[in-house]
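Asks: The structure that follows is given in the form of structure tokens.
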Amino acid sequence: MRKSINGKRRTDKNILIFIVLFIFIIYISLLLTISNRKYLFIENAFKNVSTKINEFFIDKVYSTKNYSNKMINSKIKYLQDENNDLRKALDFKEKNENFLIAEVVNHTSKTWFNKVSINKGYNSNIKKDSLVVNENGLVGFIGKVSKNQSEVKLITSVSDDNMLSVFVEAQGEAASGMLSYYDNKSDLFKVESITSKAEIKKGDSVVLSGFDNPLYKGIYVGAVVKEETDNYGLSRTVWVKSDVNFNDLMFLGVYLMEG
């Protein structure tokens with residue numbers, strides 16, 4: 001019995017000594033940390049590892065926070081832009097009663113300069129070949145129509161096989177030409193086959209001629225940026241800049257055709 005008690009006392013004494021040594025080591029470590037002396041190799045290693053761990057967690061927290069803030073700010077910016085575009089579209093609608101406002105619901109990278117889809121179809125009295133604009137000018141024409149959705153063929157898809165007849169409103173007269181090409185690098189349209197001798201200046205307006213449909217005559221396409229002539233001076237070409245941002249189409253106005 002006495003032997004058991006003595007053994008227990010030794011164990012308690014060993015534990016007490018261990019605790020005292022542990023506290024002493026911690027105390028010495030803290031003193032070494034705040035001192036200006038040179039650190040031992042193992043101290044340096046320990047310090048570097050601790051620093052890296054702290055930096056990792058701090059960077060992780062802050063980067064996550066920043067990412068979250070960027071997401072929120074991006075969403076706010078998108079909603080503000082959408083609200084501004086909708087306001088402009090509604091203002092356009094008030095001034096043009098024959099137009100129906102529709103929202104773009106599909107604009108894919110593969111057909112970026114060819115077409116977009118809108119959320120209105122024949123249930124909303126939209127018909128094929130209807131004119132599509134926004135507050136900045138001509139956007140395109142309705143190509144396909146389904147019950148509640150339509151496909152808009154953008155004017156940026158123009159080509160030699162699909163040209164648009166236009167007028168350049170030159171000084172004193174309208175010079176007719178053909179909108180035949182869109183350069184997505186310069187963001188300019190090419191109007192060629194202009195035979196008129198009228199003086200064309202930078203800033204002159206380019207509008208639809210109305211030859212295909214008299215209702216579309218005078219619809220704004222863009223403004224002249226520069227002019228070119230061929231070697232013989234028989235045919236003139238002008239490059240036109242549209243005010244429409246074809247990379248940011250949200251709300252469009254569709255002309256409601258009668259009949």
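Letters A, B, ... go to the chains of the structure tokens in the order shown; residues in each chain start at 1; ligands are counted from 1 in the same order.
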Fewer than 3 positions away in the same chain doesn't count, so skip those; otherwise give me all residues within 10 Å of Ser196 in chain A, counting only C-alpha atoms, as a list in words.
Replies: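 Selected residues are Val168, Ala170, Glu173, Ala174, Ala175, Ser176, Gly177, Ser193, Glu199, Ile200, Leu234, Ser235 and Arg236 of chain A.
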Asks: Neighbouring residues of Ser146 in chain A were defined as those with any atom within 10 Å, considering only C-alpha atoms; residues of the same chain fewer than 2 positions away were excluded. Please report them as a ChimeraX atom specification.
Replies: /A:119-123,126-128,144,148-151
Asks: Between CA of Pro214 in chain A and CA of Phe246 in chain A, measure the distance and give it in Å to one decimal.
Replies: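 For CA of Pro214 in chain A relative to CA of Phe246 in chain A, the distance reads 25.4 Å.
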Asks: Which residues come within 7 Å of range 224-231 of chain A, counting only C-alpha atoms, excluding same-chain residues fewer than 2 positions away, as a compact mmCIF listing (two decimals) with N, CA, C and O atoms, in the first residue's frame?
Replies:
```txt
# COMPACT_ATOMS: atom_id res chain seq x y z
N LYS A 202 -17.55 64.06 -94.04
CA LYS A 202 -17.55 63.29 -92.80
C LYS A 202 -18.68 63.79 -91.90
O LYS A 202 -18.89 64.98 -91.72
N GLY A 203 -19.45 62.84 -91.38
CA GLY A 203 -20.58 63.19 -90.52
C GLY A 203 -21.92 63.18 -91.22
O GLY A 203 -22.97 63.24 -90.55
N ASP A 204 -21.93 63.09 -92.56
CA ASP A 204 -23.19 63.00 -93.29
C ASP A 204 -23.95 61.73 -92.88
O ASP A 204 -23.35 60.66 -92.71
N SER A 205 -25.24 61.85 -92.74
CA SER A 205 -26.06 60.71 -92.31
C SER A 205 -26.29 59.71 -93.44
O SER A 205 -26.40 60.09 -94.61
N GLY A 222 -26.23 55.20 -89.87
CA GLY A 222 -24.98 55.66 -89.28
C GLY A 222 -24.51 56.95 -89.93
O GLY A 222 -25.26 57.62 -90.64
N GLY A 233 -12.05 56.94 -110.65
CA GLY A 233 -12.95 57.94 -110.10
C GLY A 233 -14.39 57.78 -110.54
O GLY A 233 -15.17 58.72 -110.46
N LEU A 234 -14.73 56.59 -111.07
CA LEU A 234 -16.09 56.36 -111.57
C LEU A 234 -17.06 55.95 -110.46
O LEU A 234 -18.26 56.19 -110.55
N SER A 235 -16.54 55.28 -109.43
CA SER A 235 -17.38 54.79 -108.35
C SER A 235 -16.79 55.20 -107.00
O SER A 235 -15.57 55.17 -106.81
N ARG A 236 -17.65 55.60 -106.10
CA ARG A 236 -17.19 56.07 -104.79
C ARG A 236 -17.64 55.10 -103.70
O ARG A 236 -18.70 54.48 -103.80
N THR A 237 -16.83 55.02 -102.69
CA THR A 237 -17.14 54.17 -101.54
C THR A 237 -16.97 54.99 -100.27
O THR A 237 -16.02 55.76 -100.14
N VAL A 238 -17.90 54.84 -99.36
CA VAL A 238 -17.77 55.52 -98.06
C VAL A 238 -17.84 54.47 -96.95
O VAL A 238 -18.46 53.42 -97.10
N TRP A 239 -17.18 54.79 -95.84
CA TRP A 239 -17.22 53.94 -94.65
C TRP A 239 -18.07 54.64 -93.60
O TRP A 239 -17.95 55.84 -93.37
N VAL A 240 -18.94 53.86 -93.00
CA VAL A 240 -19.98 54.41 -92.13
C VAL A 240 -19.87 53.82 -90.72
O VAL A 240 -19.67 52.61 -90.55
N LYS A 241 -20.02 54.68 -89.74
CA LYS A 241 -20.01 54.25 -88.33
C LYS A 241 -21.42 54.30 -87.77
O LYS A 241 -22.09 55.32 -87.82
```
Asks: Enter the distance from CA of Ser186 in chain A to CA of Leu131 in chain A, in Å, rounded to one decimal.
Replies: 25.0 Å
Asks: Under the rule that only C-alpha atoms are counted, which of A:Asn247, A:Asn134, A:Asn114, A:Phe211 is the nearest residue to Leu164 in chain A?
Replies: A:Phe211
Asks: Show which residues sit within 10 Å of Phe113 in chain A, as a list of chain:residue names. Count only C-alpha atoms, and ignore same-chain residues fewer than 2 positions away.
Replies: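 Residues meeting the cut-off are A:His107, A:Thr108, A:Ser109, A:Lys110, A:Thr111, A:Lys115, A:Val116, A:Lys153, A:Leu154, A:Ile155, A:Thr156, A:Ser157, A:Val158, A:Tyr182, A:Asn184, A:Phe246, A:Asn247.
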Asks: Hey, can you check how far CA of Asn125 in chain A sits from CA of Gly253 in chain A?
Replies: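 Interatomic distance here is 13.0 Å.
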